[in-house]
Amino acid sequence: MKQETQSQSQIQSQIRSQAQFLPLQIFTFTQRGITLGRELLTHDPQTTLHAPAHLLQESPPPSPQEVSPSTGETTLQKEVPLLSETPAFSEIPASPETPVSENSTRENFLLEGTAATAVAQAFEKGQPLLFIAATGIALRLLQQLPRHKGSDPAVLVMDDTGRHVISLLSGHLGGANALAREVARLTGARPVITTASDNSNVLAVDQLAQRLHAPLTHWTAAKKWTAAALEGRPIPVYSSEPLLPALPAGYQLVEDKDTFLKGPGGIWIGTGFPEEQLSEGAWVHLLPRRWVLGVGCRKNTTLEALENALEAFLEHHQLSSDSLAALATIDLKTREPGLQALAEKWELSLQGHSPEAIAVVQHHFPASAKAAEAVGVTAVSSPAAWLSSGGGTCLLPEEPPADGNPARAAAGITFTLAPLAGSVTVAGIGPGLPEHMTPAVAQALTDSHVVIGYHTYTRRLAPLVTHQQVIHGTMRRETQRCRQALELAAQGNRVLLVSSGDAGVYGMAGLLLELQEQEAPLIPVEILPGVTAATAAAARLGAPLMQDYATISLSDHLTPWQDILDRLKAAAATGFVIALYNPKSRERVRQWEEAVALLQQTLPPETPVGVVTRAQNTGEVTGTWPLSQLLEAPVDMQTVVIIGNRSTRLRRDGRMVTPRGYTL
């Protein structure tokens with residue numbers, strides 16, 4: 001079978017992490033372009049701006065200190081960190097008259113005829129390029145530099161008015177599409193993405209390969225199956241991987257190998273791919289390089305012993321040596337000649353972890369008295385693999401060895417596999433309508449592999465879900481959802497765990513952090529804010545939260561009822577405006593009545609109260625009531641009740657206002 005081949009450097013460039021872009025190289029030839037470029041310099045300490053020498057000299061960077069024109073006071077500007085090493089262009093010397101500034105090491109002077117040279121140098125280094133210039137200029141400077149979509153760096157073009165930023169080259173594997181969106185976010189420009197799969201909400205095959213940390217070589221078949229997905233046809237997938245991350249929508253897992261091979265083609269993930277039996281152009285073979293191998297061994301274990309044991313171990317788990325991303329062990333063992341030779345021969349990094357670092361996490365794994373006696377920790381291979389993978393799900397060593405190799409046990413060799421871990425983002429999706437979701441949350445949804453949440457909230461996201469796997473949860477299964485999110489992240493997925501409103505206000509953020517601390521401390525967790533129910537309701541009512549306010553949930557499912565009453569009484573007595581969440585359900589009628597009675601004993605009967613059900617959502621109901629009549633108001637679990645304080649009033653148009661205290 002004829003194969004489309006690439007160099008090792010091209011393959012390595014494909015599997016590099018796109019989450020952290022290499023230093024951005026900006027090329028511009030106008031004063032307005034320099035202004036835009038300098039704006040980006042303030043966001044990224046590794047970005048370099050290239051511009052004609054005379055323009056940079058005529059427009060020196062702003063001073064770290066600027067004098068306010070209105071007050072005359074000196075204002076310290078944000079300090080911008082400098083590159084530790086600036087790309088050297090010896091043929092482009094800086095002028096002796098060049099003003100010295102904070103940005104001087106990140107602004108490169110282009111003299112006449114040198115722009116093409118600087119562009120070529122940046123391109124060959126694999127650094128993403130942004131041209132703040134006409135597209136034609138970018139194309140002429142690039143000339144014959146682009147070679148293959150698997151190795152070309154990202155190239156973007158932006159007009160010098162900052163209106164649009166175009167992903168021009170290497171949208172997926174080079175990261176140009178994502179980078180265009182990021183530049184747009186930082187500058188206020190509009191990203192222009194022309195990739196068909198992105199605009200059709202389809203995860204292309206090359207993106208799947210990137211997600212799996214797998215080099216892609218069967219480009220013809222990859223294009224064929226991406227085209228099929230664009231037409232709405234499912235892509236067949238067979239996998240021999242021990243732990244396969246979630247497949248995106250449009251990819252159909254075939255469990256039986258023979259059934260898969262008799263089909264029209266598809267994607268084979270893992271080892272055992274029978275290339276000689278497959279026709280050209282119908283099959284894609286992805287061999288994920290996402291496994292960290294933890295190694296424990298006795299002193300002076302030979303390379304031969306390690307190799308023999310490892311080959312049997314990998315065969316048992318249906319993995320190839322090409323599936324490994326790194327070796328990990330205790331730092332003492334990194335000096336073992338056998339392990340050093342193994343790392344060198346198999347072209348893998350050898351990562352060592354201190355006994356102190358291992359001791360912190362060793363309780364997660366089976367203990368060995370022999371290991372404790374030899375190196376002072378109760379396990380080596382498992383915690384080392386776990387640490388290097390970022391918390392990946394460990395395929396633990398078994399006794400006796402599952403590969404049936406008694407020699408490995410006799411030699412004191414232990415192996416543990418852990419996939420490179422993903423992450424969890426906990427996000428508040430707002431009160432319900434898509435326009436109230438923040439752009440950061442929308443981007444996290446786009447970037448996620450799996451979305452988990454209570455079914456009422458995940459169904460709200462249905463119009464925005466494209467390729468993600470969605471797991472719809474049920475009420476009172478919050479711990480299960482958080483644990484599932486961490487488990488999926490440990491298998492290599494980017495997981496989005498959603499709450500309504502803000503995830504940190506009666507949402508999933510706190511529980512997730514508690515579980516992560518105890519069970520998965522290495523899994524990265526990001527928390528994104530959302531529009532809360534209280535602020536969503538307040539906006540419908542007017543401006544009732546202009547003074548200090550307290551949010552109190554009347555649900556006693558997790559908090560003792562007496563504690564809730566004590567907090568409610570204290571908040572009302574001390575002048576807080578109060579936003580009540582979860583005021584009443586079918587099972588909790590008495591609590592609502594007791595809470596209202598307490599408030600009526602503490603506050604004047606004419607105190608304005610706003611009642612909003614399904615705030616900022618379909619079916620919204622809004623009304624205001626005097627506190628004396630509050631029990632007549634229709635409330636349920638989707639209602640937010642806002643009780644004013646002694647200064648809150650109703651305007652003639654019915655809007656609630658709590659005066660801030662300004663003199664009018």
# chains A, B, ... in the order shown; residues from 1 in each chain; ligands from 1

$ residues_around --residues "A:Val441" --least-positions-apart "5" --cutoff "7 Å" --atoms "only C-alpha atoms" --output "PyMOL selection string"
chain A and resi 427+429+528

$ write_last_selection --atoms "N, CA and C atoms" --output "PDB file, in the first residue's frame"
ATOM      1  N   ALA A 427     -18.282  25.989  34.458  1.00  0.00           N
ATOM      2  CA  ALA A 427     -18.780  27.240  33.893  1.00  0.00           C
ATOM      3  C   ALA A 427     -20.232  27.475  34.247  1.00  0.00           C
ATOM      4  N   ILE A 429     -23.545  29.006  32.840  1.00  0.00           N
ATOM      5  CA  ILE A 429     -24.042  29.312  31.488  1.00  0.00           C
ATOM      6  C   ILE A 429     -25.053  30.450  31.506  1.00  0.00           C
ATOM      7  N   LEU A 528     -15.130  29.475  35.252  1.00  0.00           N
ATOM      8  CA  LEU A 528     -15.534  30.644  34.475  1.00  0.00           C
ATOM      9  C   LEU A 528     -16.835  31.213  35.044  1.00  0.00           C
TER      10      LEU A 528
END

$ select_by_dssp --residues "stretch 500-616 of chain A" --states "strand (DSSP E)" --output "number ranges by chain"
A: 525-528, 542-543, 549-553, 577-581, 608-613

$ residues_around --residues "A:Ser197" --least-positions-apart "6" --cutoff "9 Å" --atoms "only C-alpha atoms" --output "PDB file with N, CA, C and O atoms, in the first residue's frame"
ATOM      1  N   LEU A 203     -15.934  18.193  13.550  1.00  0.00           N
ATOM      2  CA  LEU A 203     -14.551  18.016  13.957  1.00  0.00           C
ATOM      3  C   LEU A 203     -13.830  17.235  12.865  1.00  0.00           C
ATOM      4  O   LEU A 203     -14.126  16.060  12.634  1.00  0.00           O
ATOM      5  N   ALA A 204     -12.903  17.881  12.190  1.00  0.00           N
ATOM      6  CA  ALA A 204     -12.185  17.244  11.090  1.00  0.00           C
ATOM      7  C   ALA A 204     -11.270  16.138  11.607  1.00  0.00           C
ATOM      8  O   ALA A 204     -10.909  16.108  12.790  1.00  0.00           O
ATOM      9  N   THR A 226     -13.354  13.511   6.310  1.00  0.00           N
ATOM     10  CA  THR A 226     -13.831  14.826   6.738  1.00  0.00           C
ATOM     11  C   THR A 226     -14.921  15.314   5.796  1.00  0.00           C
ATOM     12  O   THR A 226     -15.942  15.865   6.230  1.00  0.00           O
ATOM     13  N   ALA A 227     -14.719  15.082   4.487  1.00  0.00           N
ATOM     14  CA  ALA A 227     -15.753  15.451   3.513  1.00  0.00           C
ATOM     15  C   ALA A 227     -17.043  14.671   3.765  1.00  0.00           C
ATOM     16  O   ALA A 227     -18.149  15.213   3.640  1.00  0.00           O
ATOM     17  N   ALA A 229     -18.094  13.576   6.637  1.00  0.00           N
ATOM     18  CA  ALA A 229     -18.732  14.158   7.819  1.00  0.00           C
ATOM     19  C   ALA A 229     -19.455  15.450   7.467  1.00  0.00           C
ATOM     20  O   ALA A 229     -20.537  15.742   7.999  1.00  0.00           O
ATOM     21  N   LEU A 230     -18.870  16.235   6.562  1.00  0.00           N
ATOM     22  CA  LEU A 230     -19.520  17.471   6.127  1.00  0.00           C
ATOM     23  C   LEU A 230     -20.836  17.183   5.419  1.00  0.00           C
ATOM     24  O   LEU A 230     -21.747  18.015   5.421  1.00  0.00           O
TER      25      LEU A 230
END

$ residues_around --residues "A:Gln252" --least-positions-apart "6" --cutoff "12 Å" --atoms "only C-alpha atoms" --output "MDAnalysis selection string"
chainID A and resid 229 233:239 246 260 266:268

$ write_last_selection --atoms "all heavy atoms" --output "compact mmCIF listing (two decimals), in the first residue's frame"
# COMPACT_ATOMS: atom_id res chain seq x y z
N ALA A 229 -18.09 13.58 6.64
CA ALA A 229 -18.73 14.16 7.82
C ALA A 229 -19.46 15.45 7.47
O ALA A 229 -20.54 15.74 8.00
CB ALA A 229 -17.69 14.40 8.90
N ARG A 233 -22.47 12.08 6.88
CA ARG A 233 -22.27 10.63 7.00
C ARG A 233 -21.35 10.34 8.18
O ARG A 233 -20.34 11.02 8.37
CB ARG A 233 -21.66 10.08 5.71
CG ARG A 233 -22.63 10.10 4.53
CD ARG A 233 -22.04 9.41 3.32
NE ARG A 233 -21.06 10.27 2.65
CZ ARG A 233 -19.91 9.85 2.13
NH1 ARG A 233 -19.57 8.57 2.24
NH2 ARG A 233 -19.10 10.69 1.52
N PRO A 234 -21.67 9.33 9.01
CA PRO A 234 -20.82 9.01 10.16
C PRO A 234 -19.48 8.42 9.73
O PRO A 234 -19.38 7.74 8.71
CB PRO A 234 -21.65 8.00 10.95
CG PRO A 234 -22.55 7.37 9.93
CD PRO A 234 -22.84 8.45 8.92
N ILE A 235 -18.45 8.67 10.53
CA ILE A 235 -17.11 8.15 10.26
C ILE A 235 -16.90 6.92 11.13
O ILE A 235 -16.89 7.02 12.37
CB ILE A 235 -16.04 9.20 10.57
CG1 ILE A 235 -16.28 10.47 9.75
CG2 ILE A 235 -14.65 8.65 10.29
CD1 ILE A 235 -15.33 11.60 10.08
N PRO A 236 -16.71 5.73 10.54
CA PRO A 236 -16.49 4.52 11.36
C PRO A 236 -15.14 4.58 12.06
O PRO A 236 -14.14 5.02 11.49
CB PRO A 236 -16.53 3.39 10.32
CG PRO A 236 -17.13 3.98 9.09
CD PRO A 236 -16.77 5.43 9.10
N VAL A 237 -15.12 4.12 13.31
CA VAL A 237 -13.90 4.12 14.12
C VAL A 237 -13.78 2.78 14.82
O VAL A 237 -14.75 2.28 15.40
CB VAL A 237 -13.91 5.25 15.17
CG1 VAL A 237 -12.69 5.17 16.07
CG2 VAL A 237 -13.99 6.61 14.50
N TYR A 238 -12.58 2.21 14.76
CA TYR A 238 -12.26 1.04 15.59
C TYR A 238 -11.04 1.40 16.43
O TYR A 238 -10.12 2.08 15.95
CB TYR A 238 -11.94 -0.18 14.73
CG TYR A 238 -11.46 -1.36 15.55
CD1 TYR A 238 -12.37 -2.16 16.23
CD2 TYR A 238 -10.10 -1.64 15.69
CE1 TYR A 238 -11.95 -3.22 17.01
CE2 TYR A 238 -9.66 -2.70 16.47
CZ TYR A 238 -10.59 -3.49 17.13
OH TYR A 238 -10.16 -4.52 17.91
N SER A 239 -11.04 0.96 17.69
CA SER A 239 -9.94 1.32 18.58
C SER A 239 -9.47 0.12 19.37
O SER A 239 -10.28 -0.65 19.90
CB SER A 239 -10.37 2.43 19.55
OG SER A 239 -9.35 2.70 20.49
N ALA A 246 -13.32 10.38 24.73
CA ALA A 246 -14.65 10.48 24.12
C ALA A 246 -14.54 10.83 22.65
O ALA A 246 -13.81 11.75 22.27
CB ALA A 246 -15.47 11.53 24.86
N PHE A 260 -15.59 -4.00 11.23
CA PHE A 260 -14.98 -2.75 10.79
C PHE A 260 -14.18 -2.94 9.51
O PHE A 260 -14.29 -2.15 8.56
CB PHE A 260 -14.08 -2.21 11.91
CG PHE A 260 -13.31 -0.97 11.54
CD1 PHE A 260 -13.93 0.26 11.50
CD2 PHE A 260 -11.95 -1.04 11.26
CE1 PHE A 260 -13.22 1.41 11.16
CE2 PHE A 260 -11.24 0.09 10.93
CZ PHE A 260 -11.87 1.32 10.88
N GLY A 266 -12.40 3.81 7.22
CA GLY A 266 -12.62 4.55 8.46
C GLY A 266 -11.31 4.83 9.17
O GLY A 266 -10.25 4.91 8.54
N ILE A 267 -11.39 4.98 10.49
CA ILE A 267 -10.23 5.35 11.29
C ILE A 267 -9.93 4.24 12.28
O ILE A 267 -10.80 3.82 13.05
CB ILE A 267 -10.50 6.66 12.05
CG1 ILE A 267 -10.80 7.79 11.05
CG2 ILE A 267 -9.32 7.04 12.93
CD1 ILE A 267 -11.20 9.09 11.70
N TRP A 268 -8.71 3.76 12.24
CA TRP A 268 -8.22 2.74 13.17
C TRP A 268 -7.34 3.45 14.19
O TRP A 268 -6.34 4.07 13.83
CB TRP A 268 -7.44 1.67 12.42
CG TRP A 268 -6.92 0.54 13.28
CD1 TRP A 268 -6.04 0.62 14.31
CD2 TRP A 268 -7.26 -0.85 13.16
NE1 TRP A 268 -5.80 -0.61 14.83
CE2 TRP A 268 -6.53 -1.54 14.14
CE3 TRP A 268 -8.09 -1.57 12.30
CZ2 TRP A 268 -6.62 -2.93 14.30
CZ3 TRP A 268 -8.17 -2.95 12.45
CH2 TRP A 268 -7.44 -3.62 13.45

$ residues_around --residues "A:Glu514" --least-positions-apart "4" --cutoff "12 Å" --atoms "only C-alpha atoms" --output "list in words"
Thr479, Cys482, Arg483, Leu486, Met508, Ala509, Gly510, Gln518, Glu519, Ala520, Pro521 and Val525 of chain A

$ write_last_selection --atoms "N, CA, C and O atoms" --output "short mmCIF file (atom, residue, chain, number, x, y, z; two decimals), in the first residue's frame"
data_model
loop_
_atom_site.label_atom_id
_atom_site.label_comp_id
_atom_site.auth_asym_id
_atom_site.auth_seq_id
_atom_site.Cartn_x
_atom_site.Cartn_y
_atom_site.Cartn_z
N THR A 479 -22.55 15.04 43.09
CA THR A 479 -21.25 14.41 43.38
C THR A 479 -20.88 13.44 42.27
O THR A 479 -19.71 13.40 41.84
N CYS A 482 -19.59 15.49 39.26
CA CYS A 482 -18.24 16.02 39.46
C CYS A 482 -17.19 14.92 39.36
O CYS A 482 -16.14 15.09 38.74
N ARG A 483 -17.48 13.79 39.97
CA ARG A 483 -16.54 12.68 39.92
C ARG A 483 -16.37 12.17 38.49
O ARG A 483 -15.26 11.85 38.04
N LEU A 486 -14.07 14.49 36.53
CA LEU A 486 -12.66 14.28 36.84
C LEU A 486 -12.15 12.98 36.21
O LEU A 486 -11.02 12.92 35.71
N MET A 508 -21.65 24.18 40.84
CA MET A 508 -20.83 22.98 40.93
C MET A 508 -19.37 23.26 41.27
O MET A 508 -18.60 22.34 41.51
N ALA A 509 -18.97 24.53 41.29
CA ALA A 509 -17.55 24.83 41.43
C ALA A 509 -16.98 24.35 42.76
O ALA A 509 -15.90 23.75 42.81
N GLY A 510 -17.68 24.63 43.86
CA GLY A 510 -17.15 24.25 45.17
C GLY A 510 -17.01 22.76 45.35
O GLY A 510 -15.97 22.26 45.81
N GLN A 518 -9.16 16.02 46.86
CA GLN A 518 -9.03 14.73 47.52
C GLN A 518 -8.68 13.60 46.55
O GLN A 518 -7.90 12.71 46.89
N GLU A 519 -9.25 13.61 45.35
CA GLU A 519 -9.16 12.45 44.48
C GLU A 519 -8.35 12.67 43.21
O GLU A 519 -7.84 11.70 42.64
N ALA A 520 -8.26 13.89 42.73
CA ALA A 520 -7.56 14.14 41.46
C ALA A 520 -6.84 15.48 41.51
O ALA A 520 -7.11 16.36 40.69
N PRO A 521 -5.91 15.65 42.43
CA PRO A 521 -5.31 16.97 42.64
C PRO A 521 -4.49 17.49 41.47
O PRO A 521 -4.21 18.68 41.41
N VAL A 525 -8.14 22.59 36.81
CA VAL A 525 -9.53 23.04 36.90
C VAL A 525 -9.57 24.55 36.69
O VAL A 525 -8.85 25.30 37.35
#

$ select_by_dssp --residues "stretch 477-627 of chain A" --states "alpha helix (DSSP H)" --output "ChimeraX atom specification"
/A:478-490,509-519,533-541,561-573,590-602

$ write_last_selection --atoms "C-alpha atoms" --output "PDB file, in the first residue's frame"
ATOM      1  CA  GLU A 478     -24.040  16.442  41.784  1.00  0.00           C
ATOM      2  CA  THR A 479     -21.255  14.407  43.383  1.00  0.00           C
ATOM      3  CA  GLN A 480     -21.569  11.764  40.702  1.00  0.00           C
ATOM      4  CA  ARG A 481     -21.321  14.395  37.940  1.00  0.00           C
ATOM      5  CA  CYS A 482     -18.235  16.021  39.464  1.00  0.00           C
ATOM      6  CA  ARG A 483     -16.537  12.675  39.923  1.00  0.00           C
ATOM      7  CA  GLN A 484     -17.396  11.676  36.352  1.00  0.00           C
ATOM      8  CA  ALA A 485     -15.957  14.948  35.061  1.00  0.00           C
ATOM      9  CA  LEU A 486     -12.656  14.278  36.836  1.00  0.00           C
ATOM     10  CA  GLU A 487     -12.556  10.664  35.617  1.00  0.00           C
ATOM     11  CA  LEU A 488     -13.127  11.725  32.004  1.00  0.00           C
ATOM     12  CA  ALA A 489     -10.449  14.405  32.318  1.00  0.00           C
ATOM     13  CA  ALA A 490      -8.043  11.765  33.663  1.00  0.00           C
ATOM     14  CA  ALA A 509     -17.548  24.831  41.433  1.00  0.00           C
ATOM     15  CA  GLY A 510     -17.151  24.252  45.174  1.00  0.00           C
ATOM     16  CA  LEU A 511     -17.990  20.542  45.098  1.00  0.00           C
ATOM     17  CA  LEU A 512     -15.728  19.963  42.109  1.00  0.00           C
ATOM     18  CA  LEU A 513     -12.805  21.646  43.872  1.00  0.00           C
ATOM     19  CA  GLU A 514     -13.395  19.589  47.030  1.00  0.00           C
ATOM     20  CA  LEU A 515     -13.357  16.323  45.085  1.00  0.00           C
ATOM     21  CA  GLN A 516     -10.416  17.389  42.938  1.00  0.00           C
ATOM     22  CA  GLU A 517      -8.364  18.167  46.047  1.00  0.00           C
ATOM     23  CA  GLN A 518      -9.026  14.731  47.519  1.00  0.00           C
ATOM     24  CA  GLU A 519      -9.165  12.451  44.477  1.00  0.00           C
ATOM     25  CA  ALA A 533     -29.847  34.383  38.988  1.00  0.00           C
ATOM     26  CA  ALA A 534     -29.805  37.273  41.469  1.00  0.00           C
ATOM     27  CA  THR A 535     -28.370  39.786  39.019  1.00  0.00           C
ATOM     28  CA  ALA A 536     -30.546  38.467  36.179  1.00  0.00           C
ATOM     29  CA  ALA A 537     -33.661  38.956  38.313  1.00  0.00           C
ATOM     30  CA  ALA A 538     -32.482  42.325  39.616  1.00  0.00           C
ATOM     31  CA  ALA A 539     -32.057  43.622  36.060  1.00  0.00           C
ATOM     32  CA  ARG A 540     -35.697  42.759  35.352  1.00  0.00           C
ATOM     33  CA  LEU A 541     -36.878  44.474  38.507  1.00  0.00           C
ATOM     34  CA  TRP A 561     -32.950  24.924  58.565  1.00  0.00           C
ATOM     35  CA  GLN A 562     -32.192  26.745  61.807  1.00  0.00           C
ATOM     36  CA  ASP A 563     -28.904  28.014  60.328  1.00  0.00           C
ATOM     37  CA  ILE A 564     -30.839  29.390  57.356  1.00  0.00           C
ATOM     38  CA  LEU A 565     -33.323  31.175  59.634  1.00  0.00           C
ATOM     39  CA  ASP A 566     -30.494  32.671  61.699  1.00  0.00           C
ATOM     40  CA  ARG A 567     -28.784  34.021  58.582  1.00  0.00           C
ATOM     41  CA  LEU A 568     -32.038  35.396  57.221  1.00  0.00           C
ATOM     42  CA  LYS A 569     -32.849  37.186  60.464  1.00  0.00           C
ATOM     43  CA  ALA A 570     -29.350  38.679  60.742  1.00  0.00           C
ATOM     44  CA  ALA A 571     -29.365  39.888  57.118  1.00  0.00           C
ATOM     45  CA  ALA A 572     -32.751  41.542  57.453  1.00  0.00           C
ATOM     46  CA  ALA A 573     -31.940  43.136  60.817  1.00  0.00           C
ATOM     47  CA  ARG A 590     -43.447  25.098  55.466  1.00  0.00           C
ATOM     48  CA  GLN A 591     -39.951  26.567  55.157  1.00  0.00           C
ATOM     49  CA  TRP A 592     -41.154  29.268  52.773  1.00  0.00           C
ATOM     50  CA  GLU A 593     -43.967  30.227  55.118  1.00  0.00           C
ATOM     51  CA  GLU A 594     -41.630  30.379  58.124  1.00  0.00           C
ATOM     52  CA  ALA A 595     -39.106  32.520  56.227  1.00  0.00           C
ATOM     53  CA  VAL A 596     -41.775  35.007  55.162  1.00  0.00           C
ATOM     54  CA  ALA A 597     -43.135  35.170  58.716  1.00  0.00           C
ATOM     55  CA  LEU A 598     -39.645  35.947  60.063  1.00  0.00           C
ATOM     56  CA  LEU A 599     -39.132  38.726  57.495  1.00  0.00           C
ATOM     57  CA  GLN A 600     -42.547  40.221  58.296  1.00  0.00           C
ATOM     58  CA  GLN A 601     -41.567  40.358  61.971  1.00  0.00           C
ATOM     59  CA  THR A 602     -38.292  42.159  61.160  1.00  0.00           C
TER      60      THR A 602
END

$ closest_residue --among "A:Arg185, A:Arg655, A:Arg646, A:Lys299" --to "A:Ala543" --atoms "only C-alpha atoms"
A:Arg655

$ residues_around --residues "A:Gly619" --least-positions-apart "3" --cutoff "12 Å" --atoms "only C-alpha atoms" --output "list in words"
Gly432, Leu433, Val612, Thr613, Arg614, Ala615, Gln616, Thr622, Gln638 and Thr639 of chain A

$ write_last_selection --atoms "C-alpha atoms" --output "compact mmCIF listing (two decimals), in the first residue's frame"
# COMPACT_ATOMS: atom_id res chain seq x y z
CA GLY A 432 -30.80 30.53 30.10
CA LEU A 433 -30.88 32.46 26.84
CA VAL A 612 -38.99 36.82 39.24
CA THR A 613 -39.49 33.30 37.94
CA ARG A 614 -37.26 32.02 35.10
CA ALA A 615 -35.41 35.35 34.96
CA GLN A 616 -34.07 36.27 31.52
CA THR A 622 -42.01 39.21 36.98
CA GLN A 638 -36.98 28.66 39.57
CA THR A 639 -37.96 31.88 41.37

$ residues_around --residues "A:Ala134" --least-positions-apart "2" --cutoff "10 Å" --atoms "only C-alpha atoms" --output "tab-separated table (two decimals) with all heavy atoms, in the first residue's frame"
chain	number	residue	atom	x	y	z
A	28	THR	N	4.46	44.25	10.29
A	28	THR	CA	3.60	45.33	9.84
A	28	THR	C	4.45	46.41	9.20
A	28	THR	O	5.68	46.48	9.41
A	28	THR	CB	2.78	45.91	11.01
A	28	THR	OG1	1.80	46.80	10.49
A	28	THR	CG2	3.66	46.62	12.02
A	29	PHE	N	3.79	47.28	8.43
A	29	PHE	CA	4.54	48.26	7.63
A	29	PHE	C	3.88	49.64	7.68
A	29	PHE	O	4.15	50.49	6.84
A	29	PHE	CB	4.63	47.76	6.18
A	29	PHE	CG	5.15	46.34	6.08
A	29	PHE	CD1	4.26	45.28	6.02
A	29	PHE	CD2	6.51	46.08	6.12
A	29	PHE	CE1	4.73	43.97	5.98
A	29	PHE	CE2	6.98	44.78	6.08
A	29	PHE	CZ	6.08	43.72	6.02
A	131	PHE	N	0.48	38.98	10.07
A	131	PHE	CA	0.74	40.13	9.21
A	131	PHE	C	-0.35	41.16	9.45
A	131	PHE	O	-1.53	40.89	9.20
A	131	PHE	CB	0.75	39.72	7.73
A	131	PHE	CG	1.89	38.84	7.34
A	131	PHE	CD1	1.77	37.46	7.39
A	131	PHE	CD2	3.11	39.38	6.93
A	131	PHE	CE1	2.82	36.63	7.03
A	131	PHE	CE2	4.17	38.56	6.57
A	131	PHE	CZ	4.04	37.19	6.62
A	132	ILE	N	0.02	42.31	10.00
A	132	ILE	CA	-0.93	43.42	10.08
A	132	ILE	C	-0.68	44.23	8.81
A	132	ILE	O	0.06	45.22	8.79
A	132	ILE	CB	-0.73	44.24	11.36
A	132	ILE	CG1	-0.80	43.33	12.60
A	132	ILE	CG2	-1.78	45.33	11.47
A	132	ILE	CD1	-0.60	44.05	13.92
A	136	GLY	N	-2.20	40.49	0.18
A	136	GLY	CA	-1.26	40.36	-0.94
A	136	GLY	C	0.18	40.48	-0.48
A	136	GLY	O	1.06	39.75	-0.97
A	137	ILE	N	0.45	41.39	0.46
A	137	ILE	CA	1.81	41.53	0.99
A	137	ILE	C	2.24	40.24	1.68
A	137	ILE	O	3.36	39.75	1.50
A	137	ILE	CB	1.89	42.72	1.96
A	137	ILE	CG1	1.70	44.04	1.19
A	137	ILE	CG2	3.22	42.73	2.70
A	137	ILE	CD1	1.65	45.26	2.10
A	138	ALA	N	1.34	39.68	2.47
A	138	ALA	CA	1.65	38.43	3.17
A	138	ALA	C	1.97	37.31	2.18
A	138	ALA	O	2.94	36.57	2.36
A	138	ALA	CB	0.48	38.02	4.07
A	139	LEU	N	1.17	37.20	1.14
A	139	LEU	CA	1.39	36.13	0.16
A	139	LEU	C	2.71	36.31	-0.56
A	139	LEU	O	3.43	35.33	-0.82
A	139	LEU	CB	0.23	36.11	-0.85
A	139	LEU	CG	-1.13	35.70	-0.29
A	139	LEU	CD1	-2.21	35.82	-1.36
A	139	LEU	CD2	-1.08	34.28	0.25
A	157	VAL	N	-3.62	37.13	8.99
A	157	VAL	CA	-3.54	38.45	8.37
A	157	VAL	C	-4.59	39.34	9.02
A	157	VAL	O	-5.74	38.91	9.21
A	157	VAL	CB	-3.78	38.38	6.85
A	157	VAL	CG1	-3.79	39.79	6.26
A	157	VAL	CG2	-2.72	37.55	6.18
A	158	MET	N	-4.19	40.56	9.35
A	158	MET	CA	-5.10	41.51	10.01
A	158	MET	C	-4.97	42.87	9.34
A	158	MET	O	-3.85	43.32	9.04
A	158	MET	CB	-4.73	41.62	11.49
A	158	MET	CG	-5.68	42.41	12.35
A	158	MET	SD	-5.10	42.39	14.09
A	158	MET	CE	-6.57	42.99	14.91
A	159	ASP	N	-6.09	43.53	9.08
A	159	ASP	CA	-6.00	44.89	8.52
A	159	ASP	C	-5.56	45.84	9.62
A	159	ASP	O	-5.82	45.61	10.80
A	159	ASP	CB	-7.36	45.31	7.96
A	159	ASP	CG	-8.44	45.36	9.02
A	159	ASP	OD1	-8.92	44.28	9.44
A	159	ASP	OD2	-8.80	46.46	9.46
A	160	ASP	N	-4.90	46.93	9.23
A	160	ASP	CA	-4.30	47.79	10.25
A	160	ASP	C	-5.31	48.70	10.94
A	160	ASP	O	-4.95	49.48	11.83
A	160	ASP	CB	-3.12	48.59	9.70
A	160	ASP	CG	-3.52	49.69	8.72
A	160	ASP	OD1	-4.73	49.82	8.45
A	160	ASP	OD2	-2.62	50.40	8.24

$ closest_residue --among "A:Ala312, A:Leu216, A:Val505, A:Ile358" --to "A:Gly428" --atoms "only C-alpha atoms"
A:Val505

$ closest_residue --among "A:Ala154, A:Val470, A:Ala249, A:Val360" --to "A:Ser170" --atoms "only C-alpha atoms"
A:Ala154

$ atom_distance --atom1 "atom CA of A:Leu603" --atom2 "atom CA of A:Leu630"
12.5 Å
